[in-house]
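S.K.: Below is upload.cif; it holds mmCIF, C-alpha atoms (C1' of nucleotides).
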data_entry
loop_
_atom_site.label_atom_id
_atom_site.label_comp_id
_atom_site.auth_asym_id
_atom_site.auth_seq_id
_atom_site.Cartn_x
_atom_site.Cartn_y
_atom_site.Cartn_z
CA MET A 1177 3.11 -21.83 22.22
CA SER A 1178 0.80 -20.95 19.41
CA ASP A 1179 -0.60 -18.16 21.53
CA LYS A 1180 2.84 -16.72 22.14
CA SER A 1181 3.65 -16.62 18.41
CA ARG A 1182 0.26 -15.18 17.65
CA GLN A 1183 0.82 -12.39 20.14
CA ALA A 1184 4.33 -11.74 18.88
CA ILE A 1185 2.97 -11.36 15.36
CA LEU A 1186 0.20 -9.01 16.48
CA ASP A 1187 2.71 -6.94 18.43
CA ALA A 1188 5.02 -6.75 15.44
CA ALA A 1189 2.15 -5.66 13.21
CA VAL A 1190 1.16 -2.97 15.69
CA ALA A 1191 4.74 -1.76 15.70
CA LEU A 1192 5.14 -1.73 11.92
CA LEU A 1193 1.80 -0.70 10.47
CA PRO A 1194 1.59 2.83 11.89
CA THR A 1195 4.71 3.89 10.00
CA ASN A 1196 4.36 1.52 7.05
CA SER A 1197 0.80 0.62 6.21
CA GLY A 1198 2.00 -1.64 3.42
CA ALA A 1199 4.29 -3.78 5.57
CA SER A 1200 4.55 -7.28 4.09
CA MET A 1201 3.95 -10.54 5.90
CA ALA A 1202 7.68 -11.23 5.59
CA GLU A 1203 8.61 -7.96 7.31
CA ILE A 1204 6.13 -8.60 10.08
CA ALA A 1205 7.47 -12.13 10.50
CA VAL A 1206 11.02 -10.84 10.88
CA VAL A 1207 10.04 -8.31 13.54
CA ALA A 1208 7.97 -10.94 15.34
CA ASP A 1209 11.02 -13.23 15.22
CA VAL A 1210 8.93 -15.93 13.62
CA ALA A 1211 9.03 -17.86 10.36
CA ARG A 1212 6.91 -16.47 7.56
CA THR A 1213 5.02 -19.74 7.30
CA THR A 1214 4.01 -19.43 10.92
CA VAL A 1215 2.32 -16.14 10.12
CA HIS A 1216 0.41 -17.76 7.27
CA ARG A 1217 -0.63 -20.65 9.50
CA LEU A 1218 -1.95 -18.50 12.33
CA PHE A 1219 -3.60 -15.98 10.02
CA THR A 1220 -5.22 -17.35 6.90
CA SER A 1221 -4.62 -14.19 4.92
CA ARG A 1222 -3.07 -10.79 5.25
CA GLU A 1223 -6.55 -9.34 5.41
CA GLU A 1224 -7.35 -11.50 8.42
CA LEU A 1225 -4.19 -10.38 10.17
CA LEU A 1226 -5.03 -6.72 9.61
CA ALA A 1227 -8.53 -7.33 10.90
CA ALA A 1228 -7.17 -8.98 14.03
CA VAL A 1229 -4.84 -6.06 14.63
CA ALA A 1230 -7.62 -3.55 14.12
CA ILE A 1231 -10.06 -5.37 16.38
CA GLY A 1232 -7.34 -5.65 19.01
CA ALA A 1233 -6.71 -1.92 18.85
CA ILE A 1234 -10.40 -1.12 19.15
CA ASP A 1235 -10.64 -3.51 22.08
CA ARG A 1236 -7.91 -1.65 23.92
CA ILE A 1237 -9.53 1.69 23.16
CA ASP A 1238 -12.87 0.40 24.39
CA ALA A 1239 -11.34 -0.88 27.58
CA ALA A 1240 -9.48 2.38 28.17
CA VAL A 1241 -12.60 4.47 27.62
CA LEU A 1242 -14.66 2.16 29.81
CA ALA A 1243 -12.18 2.66 32.62
CA CYS A 1244 -12.72 6.41 32.36
CA GLN A 1245 -16.22 6.28 33.83
CA ILE A 1246 -17.39 8.86 31.37
CA ASP A 1247 -20.80 9.22 33.00
CA GLN A 1248 -19.24 10.40 36.25
CA GLY A 1249 -18.56 14.04 37.02
CA PRO A 1250 -18.56 17.05 34.68
CA ALA A 1251 -18.25 16.30 30.97
CA GLY A 1252 -15.08 18.38 30.67
CA GLU A 1253 -13.33 16.31 33.30
CA ALA A 1254 -14.50 13.09 31.65
CA LEU A 1255 -13.04 14.30 28.36
CA LEU A 1256 -9.75 14.99 30.10
CA ARG A 1257 -9.75 11.46 31.53
CA ILE A 1258 -10.35 10.07 28.05
CA ALA A 1259 -7.51 12.12 26.63
CA GLU A 1260 -5.18 10.96 29.38
CA ALA A 1261 -6.14 7.37 28.66
CA LEU A 1262 -6.02 7.43 24.87
CA VAL A 1263 -3.18 9.77 23.97
CA PRO A 1264 -0.51 7.31 25.24
CA ILE A 1265 -1.88 4.51 23.06
CA GLY A 1266 -2.79 6.77 20.17
CA HIS A 1267 -0.11 5.40 17.87
CA GLU A 1268 -1.81 2.01 17.97
CA PHE A 1269 -4.87 3.14 16.10
CA ARG A 1270 -3.21 5.62 13.81
CA PHE A 1271 -2.94 3.07 11.03
CA LEU A 1272 -6.72 2.78 11.05
CA GLU A 1273 -6.71 6.04 9.14
CA VAL A 1274 -4.76 4.81 6.20
CA GLY A 1275 -6.71 3.02 3.59
CA PRO A 1276 -9.74 1.15 2.49
CA GLN A 1277 -8.25 -2.22 3.31
CA VAL A 1278 -9.27 -2.02 6.94
CA TRP A 1279 -12.50 -0.04 6.90
CA LYS A 1280 -14.12 -2.53 4.59
CA LEU A 1281 -14.78 -4.57 7.70
CA ASP A 1282 -18.32 -3.97 8.88
CA ALA A 1283 -17.47 -5.25 12.34
CA LEU A 1284 -14.80 -2.59 12.67
CA ASN A 1285 -17.06 0.18 11.45
CA ASP A 1286 -19.75 -0.83 13.93
CA ARG A 1287 -17.32 -0.76 16.81
CA TRP A 1288 -16.03 2.62 15.75
CA TYR A 1289 -19.47 4.13 15.46
CA ARG A 1290 -20.46 2.76 18.85
CA LEU A 1291 -17.41 4.47 20.27
CA ALA A 1292 -18.28 7.73 18.54
CA ASP A 1293 -21.81 7.43 19.85
CA ARG A 1294 -20.57 7.13 23.40
CA LEU A 1295 -18.47 10.23 22.89
CA GLY A 1296 -21.48 11.97 21.41
CA ALA A 1297 -23.64 11.01 24.38
CA LEU A 1298 -21.02 12.39 26.75
CA ILE A 1299 -20.98 15.68 24.88
CA GLU A 1300 -24.78 15.84 24.83
CA ARG A 1301 -24.75 15.35 28.57
CA GLY A 1302 -22.25 18.18 28.89
CA LYS A 1303 -24.62 20.41 26.95
CA ARG A 1304 -27.60 19.44 29.14
CA ASP A 1305 -25.58 20.10 32.27
CA GLY A 1306 -24.69 23.52 30.95
CA ASP A 1307 -20.99 22.71 30.78
CA LEU A 1308 -20.68 22.74 27.00
CA ARG A 1309 -21.91 25.22 24.42
CA PRO A 1310 -25.11 24.01 22.76
CA ASP A 1311 -24.38 25.98 19.59
CA ILE A 1312 -21.50 23.71 18.55
CA PRO A 1313 -22.78 20.58 16.77
CA THR A 1314 -22.11 17.42 18.72
CA ALA A 1315 -20.88 15.56 15.63
CA TRP A 1316 -18.29 18.24 15.02
CA LEU A 1317 -17.03 18.09 18.59
CA VAL A 1318 -16.76 14.31 18.36
CA ASP A 1319 -14.79 14.54 15.13
CA LEU A 1320 -12.55 17.31 16.37
CA PHE A 1321 -11.86 15.58 19.67
CA SER A 1322 -10.95 12.27 18.05
CA SER A 1323 -8.81 14.05 15.50
CA ALA A 1324 -7.04 15.98 18.24
CA LEU A 1325 -6.37 12.74 20.13
CA TRP A 1326 -4.08 11.25 17.57
CA CYS A 1327 -2.81 14.62 16.50
CA ALA A 1328 -1.45 14.70 20.05
CA ALA A 1329 0.00 11.21 19.67
CA ASP A 1330 1.79 12.40 16.53
CA SER A 1331 3.10 15.58 18.11
CA ILE A 1332 4.48 13.56 21.00
CA ASP A 1333 6.09 11.02 18.66
CA GLU A 1334 7.83 13.82 16.81
CA GLY A 1335 8.92 15.51 19.99
CA ARG A 1336 7.03 18.75 19.63
CA VAL A 1337 4.91 18.28 22.75
CA ALA A 1338 5.72 16.65 26.08
CA ARG A 1339 3.85 13.45 26.74
CA ASN A 1340 2.65 14.64 30.13
CA ASP A 1341 1.42 18.00 28.86
CA ALA A 1342 -0.48 16.80 25.80
CA PRO A 1343 -3.80 15.72 27.34
CA ARG A 1344 -4.10 18.88 29.40
CA LEU A 1345 -3.16 21.13 26.48
CA LEU A 1346 -5.63 19.31 24.25
CA ILE A 1347 -8.55 19.76 26.65
CA GLU A 1348 -7.46 23.30 27.50
CA VAL A 1349 -7.72 24.45 23.90
CA LEU A 1350 -10.77 22.38 23.04
CA LEU A 1351 -12.77 23.60 26.02
CA ARG A 1352 -11.46 27.08 26.78
CA GLY A 1353 -10.00 28.04 23.45
CA ALA A 1354 -6.72 29.61 22.44
CA SER A 1355 -7.82 33.23 22.50
CA THR A 1356 -7.51 35.47 25.52
CA MET B 1429 -1.66 17.44 -26.02
CA SER B 1430 0.93 16.00 -23.71
CA ASP B 1431 0.02 18.66 -21.19
CA LYS B 1432 -3.63 17.68 -21.27
CA SER B 1433 -2.83 14.03 -20.55
CA ARG B 1434 -0.40 15.01 -17.87
CA GLN B 1435 -3.02 17.11 -16.14
CA ALA B 1436 -5.66 14.38 -16.50
CA ILE B 1437 -3.29 11.93 -14.81
CA LEU B 1438 -2.51 14.32 -11.99
CA ASP B 1439 -6.20 14.99 -11.47
CA ALA B 1440 -6.94 11.29 -11.40
CA ALA B 1441 -4.19 10.71 -8.87
CA VAL B 1442 -5.52 13.51 -6.68
CA ALA B 1443 -8.95 11.90 -6.87
CA LEU B 1444 -7.76 8.38 -6.07
CA LEU B 1445 -4.92 8.72 -3.60
CA PRO B 1446 -6.85 10.22 -0.69
CA THR B 1447 -9.07 7.15 -0.42
CA ASN B 1448 -6.57 4.61 -1.70
CA SER B 1449 -2.98 5.49 -1.01
CA GLY B 1450 -1.83 2.37 -2.82
CA ALA B 1451 -3.62 3.06 -6.07
CA SER B 1452 -1.74 1.46 -8.96
CA MET B 1453 -0.62 3.16 -12.14
CA ALA B 1454 -3.22 1.12 -14.01
CA GLU B 1455 -6.06 2.38 -11.80
CA ILE B 1456 -4.90 5.95 -12.17
CA ALA B 1457 -4.66 5.51 -15.94
CA VAL B 1458 -8.24 4.24 -16.12
CA VAL B 1459 -9.60 7.18 -14.12
CA ALA B 1460 -7.54 9.59 -16.22
CA ASP B 1461 -8.96 7.92 -19.33
CA VAL B 1462 -5.47 7.35 -20.64
CA ALA B 1463 -3.41 4.33 -21.60
CA ARG B 1464 -1.17 2.93 -18.93
CA THR B 1465 1.85 3.40 -21.16
CA THR B 1466 1.08 7.09 -21.39
CA VAL B 1467 1.36 7.37 -17.64
CA HIS B 1468 4.76 5.68 -17.72
CA ARG B 1469 5.93 7.94 -20.49
CA LEU B 1470 4.94 11.18 -18.78
CA PHE B 1471 6.14 10.06 -15.36
CA THR B 1472 9.29 7.98 -15.27
CA SER B 1473 8.26 6.12 -12.15
CA ARG B 1474 5.42 5.88 -9.71
CA GLU B 1475 7.55 7.70 -7.19
CA GLU B 1476 7.92 10.62 -9.58
CA LEU B 1477 4.17 10.75 -10.10
CA LEU B 1478 3.54 10.83 -6.37
CA ALA B 1479 6.11 13.56 -6.00
CA ALA B 1480 4.46 15.62 -8.71
CA VAL B 1481 1.07 15.23 -7.07
CA ALA B 1482 2.46 16.17 -3.67
CA ILE B 1483 4.33 19.21 -4.96
CA GLY B 1484 1.21 20.29 -6.82
CA ALA B 1485 -0.87 20.04 -3.67
CA ILE B 1486 1.65 22.01 -1.66
CA ASP B 1487 1.75 24.63 -4.40
CA ARG B 1488 -2.01 25.12 -4.18
CA ILE B 1489 -1.87 25.29 -0.40
CA ASP B 1490 0.94 27.84 -0.57
CA ALA B 1491 -0.98 29.96 -3.04
CA ALA B 1492 -4.15 29.77 -0.97
CA VAL B 1493 -2.35 30.77 2.21
CA LEU B 1494 -0.50 33.55 0.43
CA ALA B 1495 -3.83 34.98 -0.73
CA CYS B 1496 -4.96 35.14 2.90
CA GLN B 1497 -2.64 38.01 3.77
CA ILE B 1498 -1.91 36.46 7.11
CA ASP B 1499 0.01 39.44 8.37
CA GLN B 1500 -3.02 41.68 8.07
CA GLY B 1501 -5.51 42.19 10.88
CA PRO B 1502 -5.95 40.22 14.12
CA ALA B 1503 -4.42 36.75 14.19
CA GLY B 1504 -7.79 35.13 14.89
CA GLU B 1505 -9.28 36.61 11.75
CA ALA B 1506 -6.27 35.55 9.73
CA LEU B 1507 -6.71 32.00 11.00
CA LEU B 1508 -10.34 32.09 9.95
CA ARG B 1509 -9.30 33.23 6.46
CA ILE B 1510 -6.84 30.35 6.26
CA ALA B 1511 -9.51 27.88 7.35
CA GLU B 1512 -11.92 29.24 4.74
CA ALA B 1513 -9.26 28.89 2.08
CA LEU B 1514 -7.91 25.46 2.99
CA VAL B 1515 -10.89 23.47 4.19
CA PRO B 1516 -12.42 23.30 0.70
CA ILE B 1517 -9.22 21.85 -0.76
CA GLY B 1518 -8.36 19.82 2.31
CA HIS B 1519 -8.99 16.49 0.62
CA GLU B 1520 -6.13 17.24 -1.75
CA PHE B 1521 -3.49 17.04 0.89
CA ARG B 1522 -5.04 14.36 3.00
CA PHE B 1523 -3.01 11.67 1.27
CA LEU B 1524 0.13 13.45 2.41
CA GLU B 1525 -0.59 11.92 5.80
CA VAL B 1526 -0.45 8.36 4.64
CA GLY B 1527 2.94 6.81 4.47
CA PRO B 1528 6.64 7.04 4.16
CA GLN B 1529 6.60 6.86 0.37
CA VAL B 1530 5.91 10.56 0.03
CA TRP B 1531 7.65 12.11 2.99
CA LYS B 1532 11.00 10.73 1.94
CA LEU B 1533 11.20 13.71 -0.39
CA ASP B 1534 13.32 16.38 1.20
CA ALA B 1535 11.83 19.02 -1.04
CA LEU B 1536 8.38 18.21 0.22
CA ASN B 1537 9.45 18.25 3.84
CA ASP B 1538 11.08 21.61 3.40
CA ARG B 1539 7.97 23.08 1.85
CA TRP B 1540 5.83 21.68 4.63
CA TYR B 1541 8.06 23.04 7.37
CA ARG B 1542 8.14 26.44 5.76
CA LEU B 1543 4.34 26.41 5.78
CA ALA B 1544 4.28 25.35 9.42
CA ASP B 1545 6.74 28.11 10.22
CA ARG B 1546 4.48 30.71 8.66
CA LEU B 1547 1.60 29.42 10.74
CA GLY B 1548 3.84 29.50 13.79
CA ALA B 1549 4.85 33.09 13.06
CA LEU B 1550 1.21 34.09 12.74
CA ILE B 1551 0.41 32.51 16.11
CA GLU B 1552 3.40 34.18 17.73
CA ARG B 1553 2.16 37.49 16.40
CA GLY B 1554 -1.25 36.75 17.91
CA LYS B 1555 0.41 36.19 21.26
CA ARG B 1556 2.39 39.44 21.04
CA ASP B 1557 -0.75 41.34 20.12
CA GLY B 1558 -2.50 39.88 23.15
CA ASP B 1559 -5.04 38.05 21.02
CA LEU B 1560 -3.82 34.53 21.80
CA ARG B 1561 -2.97 32.88 25.09
CA PRO B 1562 0.79 32.79 25.63
CA ASP B 1563 0.55 29.71 27.85
CA ILE B 1564 -0.32 27.40 24.95
CA PRO B 1565 2.80 26.27 23.05
CA THR B 1566 2.92 27.59 19.51
CA ALA B 1567 3.95 24.21 18.11
CA TRP B 1568 0.91 22.60 19.64
CA LEU B 1569 -1.41 25.21 18.18
CA VAL B 1570 0.15 24.74 14.76
CA ASP B 1571 -0.29 20.97 14.96
CA LEU B 1572 -3.81 21.17 16.28
CA PHE B 1573 -4.87 23.74 13.71
CA SER B 1574 -3.49 21.73 10.78
CA SER B 1575 -5.02 18.58 12.14
CA ALA B 1576 -8.37 20.31 12.53
CA LEU B 1577 -8.18 21.53 8.94
CA TRP B 1578 -8.33 18.12 7.34
CA CYS B 1579 -10.52 16.79 10.10
CA ALA B 1580 -12.99 19.37 8.81
CA ALA B 1581 -12.45 18.23 5.23
CA ASP B 1582 -13.24 14.67 6.34
CA SER B 1583 -16.32 15.64 8.29
CA ILE B 1584 -17.63 17.51 5.27
CA ASP B 1585 -16.89 14.60 2.94
CA GLU B 1586 -18.84 12.28 5.18
CA GLY B 1587 -21.72 14.68 5.53
CA ARG B 1588 -21.50 15.35 9.25
CA VAL B 1589 -20.77 19.06 8.92
CA ALA B 1590 -21.97 21.60 6.38
CA ARG B 1591 -19.29 22.90 4.09
CA ASN B 1592 -20.16 26.51 4.81
CA ASP B 1593 -20.18 26.07 8.58
CA ALA B 1594 -16.95 24.15 8.95
CA PRO B 1595 -14.38 26.96 8.92
CA ARG B 1596 -16.37 29.06 11.36
CA LEU B 1597 -16.99 26.12 13.69
CA LEU B 1598 -13.33 25.18 13.55
CA ILE B 1599 -12.12 28.64 14.53
CA GLU B 1600 -14.90 29.06 17.06
CA VAL B 1601 -13.81 25.98 19.02
CA LEU B 1602 -10.11 26.52 18.56
CA LEU B 1603 -10.20 30.12 19.73
CA ARG B 1604 -13.11 30.37 22.13
CA GLY B 1605 -13.45 26.73 23.22
CA ALA B 1606 -16.40 24.44 23.58
CA SER B 1607 -17.17 25.11 27.22
CA THR B 1608 -19.58 27.76 28.42
"C1'" DC C 120 13.12 -39.64 28.77
"C1'" DC C 121 9.78 -39.61 24.90
"C1'" DC C 122 6.01 -38.27 22.07
"C1'" DG C 123 3.34 -34.98 19.81
"C1'" DA C 124 2.55 -30.35 18.75
"C1'" DA C 125 4.57 -26.31 17.08
"C1'" DT C 126 8.00 -24.20 14.42
"C1'" DA C 127 11.78 -23.15 11.00
"C1'" DG C 128 13.20 -23.14 6.55
"C1'" DG C 129 13.23 -24.16 1.83
"C1'" DA C 130 10.81 -24.85 -2.62
"C1'" DC C 131 7.19 -23.74 -5.46
"C1'" DA C 132 3.05 -21.81 -7.99
"C1'" DT C 133 0.59 -17.77 -8.69
"C1'" DC C 134 -0.82 -13.19 -8.94
"C1'" DC C 135 -0.11 -8.28 -9.33
"C1'" DG C 136 2.35 -4.03 -10.21
"C1'" DT C 137 6.12 -1.87 -12.53
"C1'" DG C 138 8.63 -0.60 -16.36
"C1'" DT C 139 9.95 -1.38 -21.40
"C1'" DT C 140 9.28 -2.04 -26.25
"C1'" DC C 141 6.93 -2.36 -30.50
"C1'" DT C 142 3.29 -1.43 -33.85
"C1'" DA C 143 -0.76 0.74 -35.49
"C1'" DC C 144 -3.88 4.53 -35.05
"C1'" DT C 145 -5.32 9.28 -34.27
"C1'" DT C 146 -4.87 14.06 -34.38
"C1'" DA C 147 -3.17 18.63 -34.55
"C1'" DG C 148 -0.47 21.89 -37.23
"C1'" DG C 149 1.97 23.44 -41.29
"C1'" DC D 1112 -3.48 17.24 -47.59
"C1'" DC D 1113 0.62 15.32 -45.08
"C1'" DT D 1114 3.80 14.93 -41.74
"C1'" DA D 1115 5.16 14.43 -37.10
"C1'" DA D 1116 4.01 14.13 -32.40
"C1'" DG D 1117 1.13 11.88 -29.32
"C1'" DT D 1118 -1.50 8.00 -28.08
"C1'" DA D 1119 -3.59 3.29 -27.61
"C1'" DG D 1120 -3.01 -1.33 -27.08
"C1'" DA D 1121 -0.67 -5.58 -26.81
"C1'" DA D 1122 3.22 -8.23 -25.45
"C1'" DC D 1123 7.00 -9.08 -22.49
"C1'" DA D 1124 10.53 -9.29 -18.61
"C1'" DC D 1125 11.13 -8.62 -13.95
"C1'" DG D 1126 10.51 -8.38 -9.02
"C1'" DG D 1127 7.97 -8.80 -4.97
"C1'" DA D 1128 4.23 -10.56 -2.16
"C1'" DT D 1129 0.96 -14.06 -1.15
"C1'" DG D 1130 -0.31 -18.52 -0.15
"C1'" DT D 1131 0.78 -23.63 -0.06
"C1'" DC D 1132 3.35 -27.84 0.74
"C1'" DC D 1133 6.86 -30.66 2.62
"C1'" DT D 1134 10.58 -32.01 5.80
"C1'" DA D 1135 13.71 -31.53 9.49
"C1'" DT D 1136 14.10 -29.61 13.94
"C1'" DT D 1137 12.86 -27.87 18.42
"C1'" DC D 1138 10.43 -27.66 22.48
"C1'" DG D 1139 7.24 -28.67 26.18
"C1'" DG D 1140 4.35 -31.72 28.93
"C1'" DG D 1141 3.42 -36.26 30.51
#
Please express the file's structure as structure tokens.
M.R.:
Amino acid sequence: MSDKSRQAILDAAVALLPTNSGASMAEIAVVADVARTTVHRLFTSREELLAAVAIGAIDRIDAAVLACQIDQGPAGEALLRIAEALVPIGHEFRFLEVGPQVWKLDALNDRWYRLADRLGALIERGKRDGDLRPDIPTAWLVDLFSSALWCAADSIDEGRVARNDAPRLLIEVLLRGAST
Amino acid sequence: MSDKSRQAILDAAVALLPTNSGASMAEIAVVADVARTTVHRLFTSREELLAAVAIGAIDRIDAAVLACQIDQGPAGEALLRIAEALVPIGHEFRFLEVGPQVWKLDALNDRWYRLADRLGALIERGKRDGDLRPDIPTAWLVDLFSSALWCAADSIDEGRVARNDAPRLLIEVLLRGAST
DNA sequence: CCCGAATAGGACATCCGTGTTCTACTTAGG
DNA sequence: CCTAAGTAGAACACGGATGTCCTATTCGGG
């Protein structure tokens, strides 16, 4: 029972925070269809709730990336698999970009950097295999790729790009470029 | 005298908001080296202050883009000029991406869409001239380019990319791609 | 059916940010 | 020098959010 409420609250937070990073406990409680006191009982403080949401999001990203088998096949195809896996859940980790209230968590930062490192390693492999240009800094490609991921999530949300086209378009431009 | 305080407050807000979208009037006043009451006198409400900051940022972006003469020369070179002009001031409009409190302003939305339209027109011209691939949707290129702009500003802020390299690297990947 | 855990809902204290008002001080300009 | 505008600083009212406590109610498993 407690687990069900806890999950409902987390789900509500995931639904609210991306569009309203300052959502109050009361608002979250309403969306979770739960009394406000229940929220305070299951999460000691607002900070703890945000941390739980953030860790949950990172967990899902980790799992999705893990399922992509990024050390299999050409780097470009691995990147496409990652895009296909992450673009659909991009909205979940959009709120991570908002403010200092979340990134103060060392645990979260560590997880994020580990993720970035895995991306970096994939890109380095692509360079070694001769698939990717060695003259583009790896860090820049990592940043640009991550940025493009939730740019795609945004564009889909706002109806400017079709959900099914986004990952392919993203990789197409990132790898082959927009010029003729 | 009033103008000087007003500018100090706007500058302080521009400095604070990107990293703390919920910065209070008191915090802004401290950074501006001004009494809190002065802030309330020069800006009726917090909302009005945010609006002024946002409009100011858009003004600077508009001016910078205007100076790029985007209808001159090949589209790719025009995009590079835009990147060179906007990346250095990218941090100023990063806070525009935060929450609903700013985008509720119709005036701001209009300005933003006009800007996006100009970018779109430039890309369309690039396609007509045969410089850009017609199979990539214009809207997607606009989104990706804007996203990459403040991704670059971030990467510079955090020391992962050199300020002088960023615009070139951005255009290089966006136009020619990262694959060999 | 019954008991215990979980929850709803109300009341309350507390803190923080906003916005207002007043007074005293500073400063620029005539 | 003197006046008027601008400013600082303190005090206050107000609202909203957080966090806590208590009680009645519900709900599920034994």
S.K.: Counting all atoms listed in the file, what are the residues of chain A within 8 Å of chain B, and for each of them which pair of atoms is the nearest and at what distance in Å, to one decimal? Sort the table by chain and rising number, as CSV.
M.R.:
residue,atom,partner,partner_atom,distance
A:Thr1195,CA,B:Gly1527,CA,6.5
A:Asn1196,CA,B:Gly1527,CA,6.1
A:Ser1197,CA,B:Gly1527,CA,6.8
A:Gly1252,CA,B:Ser1607,CA,7.8
A:Val1274,CA,B:Val1526,CA,5.8
A:Gly1275,CA,B:Asn1448,CA,5.5
A:Pro1276,CA,B:Asn1448,CA,6.3
A:Gly1306,CA,B:Thr1608,CA,7.1
A:Asp1307,CA,B:Ser1607,CA,5.7
A:Leu1308,CA,B:Ser1607,CA,4.2
A:Arg1309,CA,B:Thr1608,CA,5.3
A:Ile1312,CA,B:Leu1597,CA,7.1
A:Ala1315,CA,B:Arg1588,CA,6.4
A:Trp1316,CA,B:Val1589,CA,6.6
A:Asp1319,CA,B:Cys1579,CA,7.0
A:Leu1320,CA,B:Ala1576,CA,6.4
A:Ser1323,CA,B:Cys1579,CA,6.3
A:Ala1324,CA,B:Leu1572,CA,6.4
A:Cys1327,CA,B:Ser1575,CA,6.3
A:Ala1328,CA,B:Leu1572,CA,7.9
A:Ser1331,CA,B:Asp1571,CA,7.1
A:Arg1336,CA,B:Ala1567,CA,6.5
A:Val1337,CA,B:Trp1568,CA,6.7
A:Leu1345,CA,B:Ile1564,CA,7.1
A:Val1349,CA,B:Gly1605,CA,6.2
A:Leu1350,CA,B:Gly1605,CA,5.1
A:Leu1351,CA,B:Gly1605,CA,4.3
A:Arg1352,CA,B:Gly1605,CA,4.1
A:Gly1353,CA,B:Gly1605,CA,3.7
A:Ala1354,CA,B:Leu1603,CA,4.4
A:Ser1355,CA,B:Leu1560,CA,4.3
A:Thr1356,CA,B:Arg1561,CA,5.2
S.K.: Which residues of chain C come within 10 Å of chain B, and what is each one's closest atom pair and distance in Å (one decimal), counting only C-alpha atoms (C1' of nucleotides), sorted by chain and residue number, as CSV?
M.R.:
residue,atom,partner,partner_atom,distance
C:DC135,C1',B:Ser1452,CA,9.9
C:DG136,C1',B:Ser1452,CA,7.0
C:DT137,C1',B:Arg1474,CA,8.3
C:DG138,C1',B:His1468,CA,7.5
C:DT139,C1',B:Thr1465,CA,9.4
C:DT146,C1',B:Met1429,CA,9.6
C:DA147,C1',B:Met1429,CA,8.7
S.K.: Which residues would end up in the selection if the PyMOL selection byres ((chain D) within 9 of (chain A)) were applied here, given that I need the answer as a count of residues only?
M.R.: 4
S.K.: So what does the PyMOL selection byres ((chain C and resi 148) around 12) actually pick up in this one, as a compact mmCIF listing (two decimals) with C-alpha atoms (C1' of nucleotides), keeping the file's coordinate frame?
M.R.:
# COMPACT_ATOMS: atom_id res chain seq x y z
C1' DT C 146 -4.87 14.06 -34.38
C1' DA C 147 -3.17 18.63 -34.55
C1' DG C 149 1.97 23.44 -41.29
C1' DC D 1112 -3.48 17.24 -47.59
C1' DC D 1113 0.62 15.32 -45.08
C1' DT D 1114 3.80 14.93 -41.74
C1' DA D 1115 5.16 14.43 -37.10
C1' DA D 1116 4.01 14.13 -32.40
S.K.: Report as a VMD selection string the residues that result from applying the PyMOL selection byres ((chain A and resi 1237-1244) around 8) to the structure here.
M.R.: chain A and resid 1233 to 1236 1245 to 1246 1254 1257 to 1258 1261 to 1262 1291
S.K.: Enter the distance from atom CA of Glu1224 of chain A to atom CA of Asp1293 of chain A, in Å, rounded to one decimal.
M.R.: 26.4 Å
S.K.: If we count only C-alpha atoms (C1' of nucleotides) and set the cut-off at 12 Å, which residues sit around DC141 of chain C, ignoring sequence neighbours fewer than 6 positions away in its own chain? Please answer as a list in words.
M.R.: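 Final neighbour list, sorted by chain and number: DG1120, DA1121, DA1122 and DC1123 of chain D.
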S.K.: Identify the residues around (-3.9, 9.8, -33.5) within a radius of 8 Å, measuring from only C-alpha atoms (C1' of nucleotides) in the coordinates stated by the file, and give them as a VMD selection string.
M.R.: (chain C and resid 144 to 146) or (chain D and resid 1117 to 1118)
S.K.: Rounded to one decimal place, report the atom CA of Val1263 of chain A-atom CA of Ala1329 of chain A distance in Å.
M.R.: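 A separation of 5.5 Å between them.
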